>>> print(open('work_36.cif').read())   # mmCIF, N, CA and C atoms
data_data
#
loop_
_atom_site.label_atom_id
_atom_site.label_comp_id
_atom_site.auth_asym_id
_atom_site.auth_seq_id
_atom_site.Cartn_x
_atom_site.Cartn_y
_atom_site.Cartn_z
N MET A 1 12.71 7.32 -8.48
CA MET A 1 11.59 6.87 -7.67
C MET A 1 10.28 7.07 -8.42
N GLN A 2 9.38 6.14 -8.19
CA GLN A 2 8.04 6.24 -8.74
C GLN A 2 7.04 6.24 -7.60
N ALA A 3 5.82 6.66 -7.90
CA ALA A 3 4.75 6.65 -6.89
C ALA A 3 3.54 5.94 -7.46
N GLU A 4 2.87 5.19 -6.60
CA GLU A 4 1.67 4.46 -6.97
C GLU A 4 0.62 4.72 -5.91
N VAL A 5 -0.61 5.02 -6.34
CA VAL A 5 -1.72 5.19 -5.41
C VAL A 5 -2.61 3.96 -5.53
N VAL A 6 -2.88 3.31 -4.41
CA VAL A 6 -3.72 2.11 -4.39
C VAL A 6 -4.91 2.37 -3.47
N LYS A 7 -6.11 2.18 -4.00
CA LYS A 7 -7.34 2.31 -3.21
C LYS A 7 -7.56 1.02 -2.42
N ILE A 8 -7.93 1.17 -1.16
CA ILE A 8 -8.08 0.03 -0.26
C ILE A 8 -9.48 0.04 0.36
N LYS A 9 -10.11 -1.13 0.42
CA LYS A 9 -11.40 -1.28 1.09
C LYS A 9 -11.18 -2.06 2.38
N GLY A 10 -11.85 -1.65 3.44
CA GLY A 10 -11.83 -2.43 4.67
C GLY A 10 -11.04 -1.82 5.81
N MET A 11 -10.39 -0.69 5.59
CA MET A 11 -9.67 -0.05 6.69
C MET A 11 -10.66 0.72 7.54
N THR A 12 -10.64 0.47 8.87
CA THR A 12 -11.61 1.12 9.75
C THR A 12 -10.97 1.89 10.90
N CYS A 13 -9.65 1.71 11.10
CA CYS A 13 -9.02 2.35 12.26
C CYS A 13 -7.52 2.55 12.02
N MET A 14 -6.87 3.16 12.97
CA MET A 14 -5.42 3.39 12.85
C MET A 14 -4.64 2.08 12.89
N GLY A 15 -5.18 1.06 13.52
CA GLY A 15 -4.54 -0.25 13.51
C GLY A 15 -4.47 -0.80 12.09
N CYS A 16 -5.54 -0.58 11.32
CA CYS A 16 -5.56 -1.00 9.91
C CYS A 16 -4.51 -0.23 9.13
N VAL A 17 -4.44 1.06 9.36
CA VAL A 17 -3.46 1.91 8.68
C VAL A 17 -2.05 1.39 8.96
N ASN A 18 -1.77 1.09 10.22
CA ASN A 18 -0.44 0.60 10.60
C ASN A 18 -0.15 -0.77 9.97
N SER A 19 -1.16 -1.62 9.89
CA SER A 19 -0.97 -2.93 9.27
C SER A 19 -0.58 -2.79 7.80
N VAL A 20 -1.28 -1.93 7.08
CA VAL A 20 -0.98 -1.71 5.66
C VAL A 20 0.43 -1.13 5.51
N LYS A 21 0.73 -0.13 6.32
CA LYS A 21 2.05 0.51 6.27
C LYS A 21 3.16 -0.51 6.54
N ASN A 22 2.98 -1.34 7.55
CA ASN A 22 4.00 -2.33 7.92
C ASN A 22 4.26 -3.34 6.81
N VAL A 23 3.21 -3.88 6.19
CA VAL A 23 3.44 -4.90 5.16
C VAL A 23 4.08 -4.29 3.92
N LEU A 24 3.73 -3.06 3.60
CA LEU A 24 4.30 -2.45 2.40
C LEU A 24 5.76 -2.05 2.61
N GLU A 25 6.08 -1.57 3.79
CA GLU A 25 7.46 -1.12 4.04
C GLU A 25 8.45 -2.27 4.16
N LYS A 26 7.95 -3.51 4.24
CA LYS A 26 8.83 -4.68 4.26
C LYS A 26 9.26 -5.08 2.84
N ILE A 27 8.61 -4.56 1.83
CA ILE A 27 8.93 -4.91 0.46
C ILE A 27 10.20 -4.17 0.04
N PRO A 28 11.22 -4.91 -0.42
CA PRO A 28 12.45 -4.25 -0.87
C PRO A 28 12.16 -3.26 -2.00
N GLY A 29 12.72 -2.07 -1.89
CA GLY A 29 12.53 -1.04 -2.91
C GLY A 29 11.51 0.01 -2.52
N VAL A 30 10.68 -0.27 -1.50
CA VAL A 30 9.70 0.72 -1.04
C VAL A 30 10.42 1.69 -0.12
N SER A 31 10.35 2.97 -0.45
CA SER A 31 11.05 3.97 0.35
C SER A 31 10.13 4.72 1.30
N ASN A 32 8.84 4.84 0.93
CA ASN A 32 7.92 5.60 1.77
C ASN A 32 6.48 5.18 1.47
N THR A 33 5.65 5.22 2.51
CA THR A 33 4.22 4.98 2.32
C THR A 33 3.44 6.05 3.07
N ASN A 34 2.33 6.47 2.49
CA ASN A 34 1.45 7.43 3.13
C ASN A 34 0.03 6.85 3.06
N VAL A 35 -0.43 6.29 4.17
CA VAL A 35 -1.74 5.63 4.21
C VAL A 35 -2.77 6.63 4.74
N SER A 36 -3.86 6.79 4.01
CA SER A 36 -4.93 7.70 4.40
C SER A 36 -6.19 6.91 4.74
N LEU A 37 -6.55 6.91 6.01
CA LEU A 37 -7.79 6.25 6.44
C LEU A 37 -9.00 6.95 5.84
N GLU A 38 -8.99 8.27 5.83
CA GLU A 38 -10.11 9.06 5.32
C GLU A 38 -10.36 8.80 3.84
N GLN A 39 -9.29 8.74 3.05
CA GLN A 39 -9.43 8.55 1.60
C GLN A 39 -9.41 7.08 1.21
N GLN A 40 -9.16 6.19 2.19
CA GLN A 40 -9.11 4.76 1.93
C GLN A 40 -8.12 4.43 0.81
N GLN A 41 -6.90 4.97 0.95
CA GLN A 41 -5.87 4.72 -0.06
C GLN A 41 -4.49 4.83 0.54
N VAL A 42 -3.52 4.34 -0.22
CA VAL A 42 -2.12 4.46 0.17
C VAL A 42 -1.34 4.95 -1.04
N THR A 43 -0.41 5.87 -0.78
CA THR A 43 0.53 6.31 -1.80
C THR A 43 1.87 5.67 -1.45
N ILE A 44 2.43 4.95 -2.42
CA ILE A 44 3.66 4.21 -2.20
C ILE A 44 4.75 4.78 -3.09
N GLU A 45 5.86 5.19 -2.48
CA GLU A 45 7.03 5.63 -3.24
C GLU A 45 8.01 4.47 -3.27
N TYR A 46 8.50 4.14 -4.48
CA TYR A 46 9.32 2.95 -4.61
C TYR A 46 10.29 3.04 -5.78
N ASP A 47 11.28 2.17 -5.75
CA ASP A 47 12.25 2.03 -6.82
C ASP A 47 11.72 0.95 -7.75
N ALA A 48 11.36 1.33 -8.97
CA ALA A 48 10.72 0.41 -9.91
C ALA A 48 11.64 -0.74 -10.33
N SER A 49 12.93 -0.61 -10.13
CA SER A 49 13.84 -1.70 -10.48
C SER A 49 13.86 -2.79 -9.40
N LYS A 50 13.27 -2.48 -8.24
CA LYS A 50 13.28 -3.44 -7.12
C LYS A 50 11.89 -3.91 -6.70
N ALA A 51 10.85 -3.16 -7.03
CA ALA A 51 9.49 -3.49 -6.60
C ALA A 51 8.50 -3.16 -7.72
N HIS A 52 7.34 -3.83 -7.67
CA HIS A 52 6.31 -3.53 -8.67
C HIS A 52 4.92 -3.56 -8.03
N THR A 53 3.96 -3.01 -8.74
CA THR A 53 2.63 -2.80 -8.16
C THR A 53 1.93 -4.10 -7.77
N ASP A 54 2.19 -5.18 -8.47
CA ASP A 54 1.55 -6.45 -8.10
C ASP A 54 1.96 -6.88 -6.69
N GLN A 55 3.20 -6.61 -6.32
CA GLN A 55 3.66 -6.93 -4.96
C GLN A 55 2.88 -6.14 -3.93
N PHE A 56 2.61 -4.88 -4.21
CA PHE A 56 1.88 -4.02 -3.28
C PHE A 56 0.46 -4.55 -3.07
N ARG A 57 -0.20 -4.85 -4.17
CA ARG A 57 -1.58 -5.33 -4.10
C ARG A 57 -1.66 -6.66 -3.35
N GLU A 58 -0.72 -7.55 -3.62
CA GLU A 58 -0.71 -8.85 -2.95
C GLU A 58 -0.46 -8.70 -1.45
N ALA A 59 0.46 -7.82 -1.07
CA ALA A 59 0.77 -7.60 0.35
C ALA A 59 -0.44 -7.03 1.08
N ILE A 60 -1.16 -6.12 0.45
CA ILE A 60 -2.36 -5.53 1.06
C ILE A 60 -3.43 -6.60 1.24
N LYS A 61 -3.61 -7.44 0.23
CA LYS A 61 -4.59 -8.53 0.33
C LYS A 61 -4.20 -9.51 1.42
N ASP A 62 -2.92 -9.84 1.50
CA ASP A 62 -2.44 -10.77 2.53
C ASP A 62 -2.65 -10.21 3.93
N ALA A 63 -2.68 -8.87 4.05
CA ALA A 63 -2.91 -8.24 5.35
C ALA A 63 -4.40 -8.22 5.72
N GLY A 64 -5.26 -8.68 4.79
CA GLY A 64 -6.68 -8.80 5.09
C GLY A 64 -7.57 -7.71 4.55
N PHE A 65 -7.07 -6.95 3.58
CA PHE A 65 -7.86 -5.85 3.01
C PHE A 65 -8.10 -6.09 1.53
N GLU A 66 -9.11 -5.42 1.00
CA GLU A 66 -9.42 -5.51 -0.42
C GLU A 66 -8.78 -4.35 -1.16
N VAL A 67 -8.32 -4.63 -2.38
CA VAL A 67 -7.74 -3.60 -3.23
C VAL A 67 -8.76 -3.29 -4.32
N GLU A 68 -9.07 -2.00 -4.50
CA GLU A 68 -9.98 -1.59 -5.56
C GLU A 68 -9.20 -1.47 -6.85
N ASN A 69 -9.86 -1.79 -7.95
CA ASN A 69 -9.22 -1.67 -9.27
C ASN A 69 -9.31 -0.26 -9.80
#
>>> encode(input="work_36.cif", output="structure tokens")
Amino acid sequence: MQAEVVKIKGMTCMGCVNSVKNVLEKIPGVSNTNVSLEQQQVTIEYDASKAHTDQFREAIKDAGFEVEN
């Protein structure tokens, strides 16, 4: 398993947190997500043979949030 931390802009409430968590956990290979509203980031644990960071960033953007570089 690998872990990736992605900074997110635009989360304002627990509904936003749940939206990010839901879209990421639908990606095959993602085993766990820890979304922090306070830190405006998500830590994603995943199997690198099944998922990659570009998928995470795209899913977050599709959910309506900005990803910081």
>>> closest_residue(input="work_36.cif", among="A:Val17, A:Ala3, A:Ile8, A:Val35", to="Val67 (chain A)", atoms="only C-alpha atoms")
A:Ile8
>>> residues_around(input="work_36.cif", residues="region 23-33 of chain A", least_positions_apart="6", cutoff="12 Å", atoms="only C-alpha atoms", output="VMD selection string")
chain A and resid 1 to 6 16 to 17 41 to 65
>>> select_by_dssp(input="work_36.cif", residues="chain A", states="strand (DSSP E or B)", output="list in words")
Gln2, Ala3, Glu4, Val5, Val6, Lys7, Ile8, Lys9, Val30, Ser31, Asn32, Thr33, Asn34, Val35, Ser36, Gln41, Val42, Thr43, Ile44, Glu45, Tyr46, Glu66 and Val67 of chain A
>>> write_last_selection(input="work_36.cif", atoms="N, CA and C atoms", output="PDB file, keeping the file's coordinate frame")
ATOM      1  N   GLN A   2       9.380   6.140  -8.190  1.00  0.00           N
ATOM      2  CA  GLN A   2       8.040   6.240  -8.740  1.00  0.00           C
ATOM      3  C   GLN A   2       7.040   6.240  -7.600  1.00  0.00           C
ATOM      4  N   ALA A   3       5.820   6.660  -7.900  1.00  0.00           N
ATOM      5  CA  ALA A   3       4.750   6.650  -6.890  1.00  0.00           C
ATOM      6  C   ALA A   3       3.540   5.940  -7.460  1.00  0.00           C
ATOM      7  N   GLU A   4       2.870   5.190  -6.600  1.00  0.00           N
ATOM      8  CA  GLU A   4       1.670   4.460  -6.970  1.00  0.00           C
ATOM      9  C   GLU A   4       0.620   4.720  -5.910  1.00  0.00           C
ATOM     10  N   VAL A   5      -0.610   5.020  -6.340  1.00  0.00           N
ATOM     11  CA  VAL A   5      -1.720   5.190  -5.410  1.00  0.00           C
ATOM     12  C   VAL A   5      -2.610   3.960  -5.530  1.00  0.00           C
ATOM     13  N   VAL A   6      -2.880   3.310  -4.410  1.00  0.00           N
ATOM     14  CA  VAL A   6      -3.720   2.110  -4.390  1.00  0.00           C
ATOM     15  C   VAL A   6      -4.910   2.370  -3.470  1.00  0.00           C
ATOM     16  N   LYS A   7      -6.110   2.180  -4.000  1.00  0.00           N
ATOM     17  CA  LYS A   7      -7.340   2.310  -3.210  1.00  0.00           C
ATOM     18  C   LYS A   7      -7.560   1.020  -2.420  1.00  0.00           C
ATOM     19  N   ILE A   8      -7.930   1.170  -1.160  1.00  0.00           N
ATOM     20  CA  ILE A   8      -8.080   0.030  -0.260  1.00  0.00           C
ATOM     21  C   ILE A   8      -9.480   0.040   0.360  1.00  0.00           C
ATOM     22  N   LYS A   9     -10.110  -1.130   0.420  1.00  0.00           N
ATOM     23  CA  LYS A   9     -11.400  -1.280   1.090  1.00  0.00           C
ATOM     24  C   LYS A   9     -11.180  -2.060   2.380  1.00  0.00           C
ATOM     25  N   VAL A  30      10.680  -0.270  -1.500  1.00  0.00           N
ATOM     26  CA  VAL A  30       9.700   0.720  -1.040  1.00  0.00           C
ATOM     27  C   VAL A  30      10.420   1.690  -0.120  1.00  0.00           C
ATOM     28  N   SER A  31      10.350   2.970  -0.450  1.00  0.00           N
ATOM     29  CA  SER A  31      11.050   3.970   0.350  1.00  0.00           C
ATOM     30  C   SER A  31      10.130   4.720   1.300  1.00  0.00           C
ATOM     31  N   ASN A  32       8.840   4.840   0.930  1.00  0.00           N
ATOM     32  CA  ASN A  32       7.920   5.600   1.770  1.00  0.00           C
ATOM     33  C   ASN A  32       6.480   5.180   1.470  1.00  0.00           C
ATOM     34  N   THR A  33       5.650   5.220   2.510  1.00  0.00           N
ATOM     35  CA  THR A  33       4.220   4.980   2.320  1.00  0.00           C
ATOM     36  C   THR A  33       3.440   6.050   3.070  1.00  0.00           C
ATOM     37  N   ASN A  34       2.330   6.470   2.490  1.00  0.00           N
ATOM     38  CA  ASN A  34       1.450   7.430   3.130  1.00  0.00           C
ATOM     39  C   ASN A  34       0.030   6.850   3.060  1.00  0.00           C
ATOM     40  N   VAL A  35      -0.430   6.290   4.170  1.00  0.00           N
ATOM     41  CA  VAL A  35      -1.740   5.630   4.210  1.00  0.00           C
ATOM     42  C   VAL A  35      -2.770   6.630   4.740  1.00  0.00           C
ATOM     43  N   SER A  36      -3.860   6.790   4.010  1.00  0.00           N
ATOM     44  CA  SER A  36      -4.930   7.700   4.400  1.00  0.00           C
ATOM     45  C   SER A  36      -6.190   6.910   4.740  1.00  0.00           C
ATOM     46  N   GLN A  41      -6.900   4.970   0.950  1.00  0.00           N
ATOM     47  CA  GLN A  41      -5.870   4.720  -0.060  1.00  0.00           C
ATOM     48  C   GLN A  41      -4.490   4.830   0.540  1.00  0.00           C
ATOM     49  N   VAL A  42      -3.520   4.340  -0.220  1.00  0.00           N
ATOM     50  CA  VAL A  42      -2.120   4.460   0.170  1.00  0.00           C
ATOM     51  C   VAL A  42      -1.340   4.950  -1.040  1.00  0.00           C
ATOM     52  N   THR A  43      -0.410   5.870  -0.780  1.00  0.00           N
ATOM     53  CA  THR A  43       0.530   6.310  -1.800  1.00  0.00           C
ATOM     54  C   THR A  43       1.870   5.670  -1.450  1.00  0.00           C
ATOM     55  N   ILE A  44       2.430   4.950  -2.420  1.00  0.00           N
ATOM     56  CA  ILE A  44       3.660   4.210  -2.200  1.00  0.00           C
ATOM     57  C   ILE A  44       4.750   4.780  -3.090  1.00  0.00           C
ATOM     58  N   GLU A  45       5.860   5.190  -2.480  1.00  0.00           N
ATOM     59  CA  GLU A  45       7.030   5.630  -3.240  1.00  0.00           C
ATOM     60  C   GLU A  45       8.010   4.470  -3.270  1.00  0.00           C
ATOM     61  N   TYR A  46       8.500   4.140  -4.480  1.00  0.00           N
ATOM     62  CA  TYR A  46       9.320   2.950  -4.610  1.00  0.00           C
ATOM     63  C   TYR A  46      10.290   3.040  -5.780  1.00  0.00           C
ATOM     64  N   GLU A  66      -9.110  -5.420   1.000  1.00  0.00           N
ATOM     65  CA  GLU A  66      -9.420  -5.510  -0.420  1.00  0.00           C
ATOM     66  C   GLU A  66      -8.780  -4.350  -1.160  1.00  0.00           C
ATOM     67  N   VAL A  67      -8.320  -4.630  -2.380  1.00  0.00           N
ATOM     68  CA  VAL A  67      -7.740  -3.600  -3.230  1.00  0.00           C
ATOM     69  C   VAL A  67      -8.760  -3.290  -4.320  1.00  0.00           C
TER      70      VAL A  67
END
>>> select_by_dssp(input="work_36.cif", residues="chain A", states="helix (DSSP H, G or I)", output="list in words")
Met14, Gly15, Cys16, Val17, Asn18, Ser19, Val20, Lys21, Asn22, Val23, Leu24, Glu25, Thr53, Asp54, Gln55, Phe56, Arg57, Glu58, Ala59, Ile60, Lys61 and Asp62 of chain A
>>> write_last_selection(input="work_36.cif", atoms="N, CA and C atoms", output="PDB file, in the coordinates of the input")
ATOM      1  N   MET A  14      -6.870   3.160  12.970  1.00  0.00           N
ATOM      2  CA  MET A  14      -5.420   3.390  12.850  1.00  0.00           C
ATOM      3  C   MET A  14      -4.640   2.080  12.890  1.00  0.00           C
ATOM      4  N   GLY A  15      -5.180   1.060  13.520  1.00  0.00           N
ATOM      5  CA  GLY A  15      -4.540  -0.250  13.510  1.00  0.00           C
ATOM      6  C   GLY A  15      -4.470  -0.800  12.090  1.00  0.00           C
ATOM      7  N   CYS A  16      -5.540  -0.580  11.320  1.00  0.00           N
ATOM      8  CA  CYS A  16      -5.560  -1.000   9.910  1.00  0.00           C
ATOM      9  C   CYS A  16      -4.510  -0.230   9.130  1.00  0.00           C
ATOM     10  N   VAL A  17      -4.440   1.060   9.360  1.00  0.00           N
ATOM     11  CA  VAL A  17      -3.460   1.910   8.680  1.00  0.00           C
ATOM     12  C   VAL A  17      -2.050   1.390   8.960  1.00  0.00           C
ATOM     13  N   ASN A  18      -1.770   1.090  10.220  1.00  0.00           N
ATOM     14  CA  ASN A  18      -0.440   0.600  10.600  1.00  0.00           C
ATOM     15  C   ASN A  18      -0.150  -0.770   9.970  1.00  0.00           C
ATOM     16  N   SER A  19      -1.160  -1.620   9.890  1.00  0.00           N
ATOM     17  CA  SER A  19      -0.970  -2.930   9.270  1.00  0.00           C
ATOM     18  C   SER A  19      -0.580  -2.790   7.800  1.00  0.00           C
ATOM     19  N   VAL A  20      -1.280  -1.930   7.080  1.00  0.00           N
ATOM     20  CA  VAL A  20      -0.980  -1.710   5.660  1.00  0.00           C
ATOM     21  C   VAL A  20       0.430  -1.130   5.510  1.00  0.00           C
ATOM     22  N   LYS A  21       0.730  -0.130   6.320  1.00  0.00           N
ATOM     23  CA  LYS A  21       2.050   0.510   6.270  1.00  0.00           C
ATOM     24  C   LYS A  21       3.160  -0.510   6.540  1.00  0.00           C
ATOM     25  N   ASN A  22       2.980  -1.340   7.550  1.00  0.00           N
ATOM     26  CA  ASN A  22       4.000  -2.330   7.920  1.00  0.00           C
ATOM     27  C   ASN A  22       4.260  -3.340   6.810  1.00  0.00           C
ATOM     28  N   VAL A  23       3.210  -3.880   6.190  1.00  0.00           N
ATOM     29  CA  VAL A  23       3.440  -4.900   5.160  1.00  0.00           C
ATOM     30  C   VAL A  23       4.080  -4.290   3.920  1.00  0.00           C
ATOM     31  N   LEU A  24       3.730  -3.060   3.600  1.00  0.00           N
ATOM     32  CA  LEU A  24       4.300  -2.450   2.400  1.00  0.00           C
ATOM     33  C   LEU A  24       5.760  -2.050   2.610  1.00  0.00           C
ATOM     34  N   GLU A  25       6.080  -1.570   3.790  1.00  0.00           N
ATOM     35  CA  GLU A  25       7.460  -1.120   4.040  1.00  0.00           C
ATOM     36  C   GLU A  25       8.450  -2.270   4.160  1.00  0.00           C
ATOM     37  N   THR A  53       3.960  -3.010  -8.740  1.00  0.00           N
ATOM     38  CA  THR A  53       2.630  -2.800  -8.160  1.00  0.00           C
ATOM     39  C   THR A  53       1.930  -4.100  -7.770  1.00  0.00           C
ATOM     40  N   ASP A  54       2.190  -5.180  -8.470  1.00  0.00           N
ATOM     41  CA  ASP A  54       1.550  -6.450  -8.100  1.00  0.00           C
ATOM     42  C   ASP A  54       1.960  -6.880  -6.690  1.00  0.00           C
ATOM     43  N   GLN A  55       3.200  -6.610  -6.320  1.00  0.00           N
ATOM     44  CA  GLN A  55       3.660  -6.930  -4.960  1.00  0.00           C
ATOM     45  C   GLN A  55       2.880  -6.140  -3.930  1.00  0.00           C
ATOM     46  N   PHE A  56       2.610  -4.880  -4.210  1.00  0.00           N
ATOM     47  CA  PHE A  56       1.880  -4.020  -3.280  1.00  0.00           C
ATOM     48  C   PHE A  56       0.460  -4.550  -3.070  1.00  0.00           C
ATOM     49  N   ARG A  57      -0.200  -4.850  -4.170  1.00  0.00           N
ATOM     50  CA  ARG A  57      -1.580  -5.330  -4.100  1.00  0.00           C
ATOM     51  C   ARG A  57      -1.660  -6.660  -3.350  1.00  0.00           C
ATOM     52  N   GLU A  58      -0.720  -7.550  -3.620  1.00  0.00           N
ATOM     53  CA  GLU A  58      -0.710  -8.850  -2.950  1.00  0.00           C
ATOM     54  C   GLU A  58      -0.460  -8.700  -1.450  1.00  0.00           C
ATOM     55  N   ALA A  59       0.460  -7.820  -1.070  1.00  0.00           N
ATOM     56  CA  ALA A  59       0.770  -7.600   0.350  1.00  0.00           C
ATOM     57  C   ALA A  59      -0.440  -7.030   1.080  1.00  0.00           C
ATOM     58  N   ILE A  60      -1.160  -6.120   0.450  1.00  0.00           N
ATOM     59  CA  ILE A  60      -2.360  -5.530   1.060  1.00  0.00           C
ATOM     60  C   ILE A  60      -3.430  -6.600   1.240  1.00  0.00           C
ATOM     61  N   LYS A  61      -3.610  -7.440   0.230  1.00  0.00           N
ATOM     62  CA  LYS A  61      -4.590  -8.530   0.330  1.00  0.00           C
ATOM     63  C   LYS A  61      -4.200  -9.510   1.420  1.00  0.00           C
ATOM     64  N   ASP A  62      -2.920  -9.840   1.500  1.00  0.00           N
ATOM     65  CA  ASP A  62      -2.440 -10.770   2.530  1.00  0.00           C
ATOM     66  C   ASP A  62      -2.650 -10.210   3.930  1.00  0.00           C
TER      67      ASP A  62
END
>>> residues_around(input="work_36.cif", residues="Gln40 (chain A)", least_positions_apart="6", cutoff="7 Å", atoms="only C-alpha atoms", output="list in words")
Lys7, Ile8, Lys9 and Met11 of chain A
>>> atom_distance(input="work_36.cif", atom1="atom C of Met14 (chain A)", atom2="atom C of Gln39 (chain A)")
13.6 Å
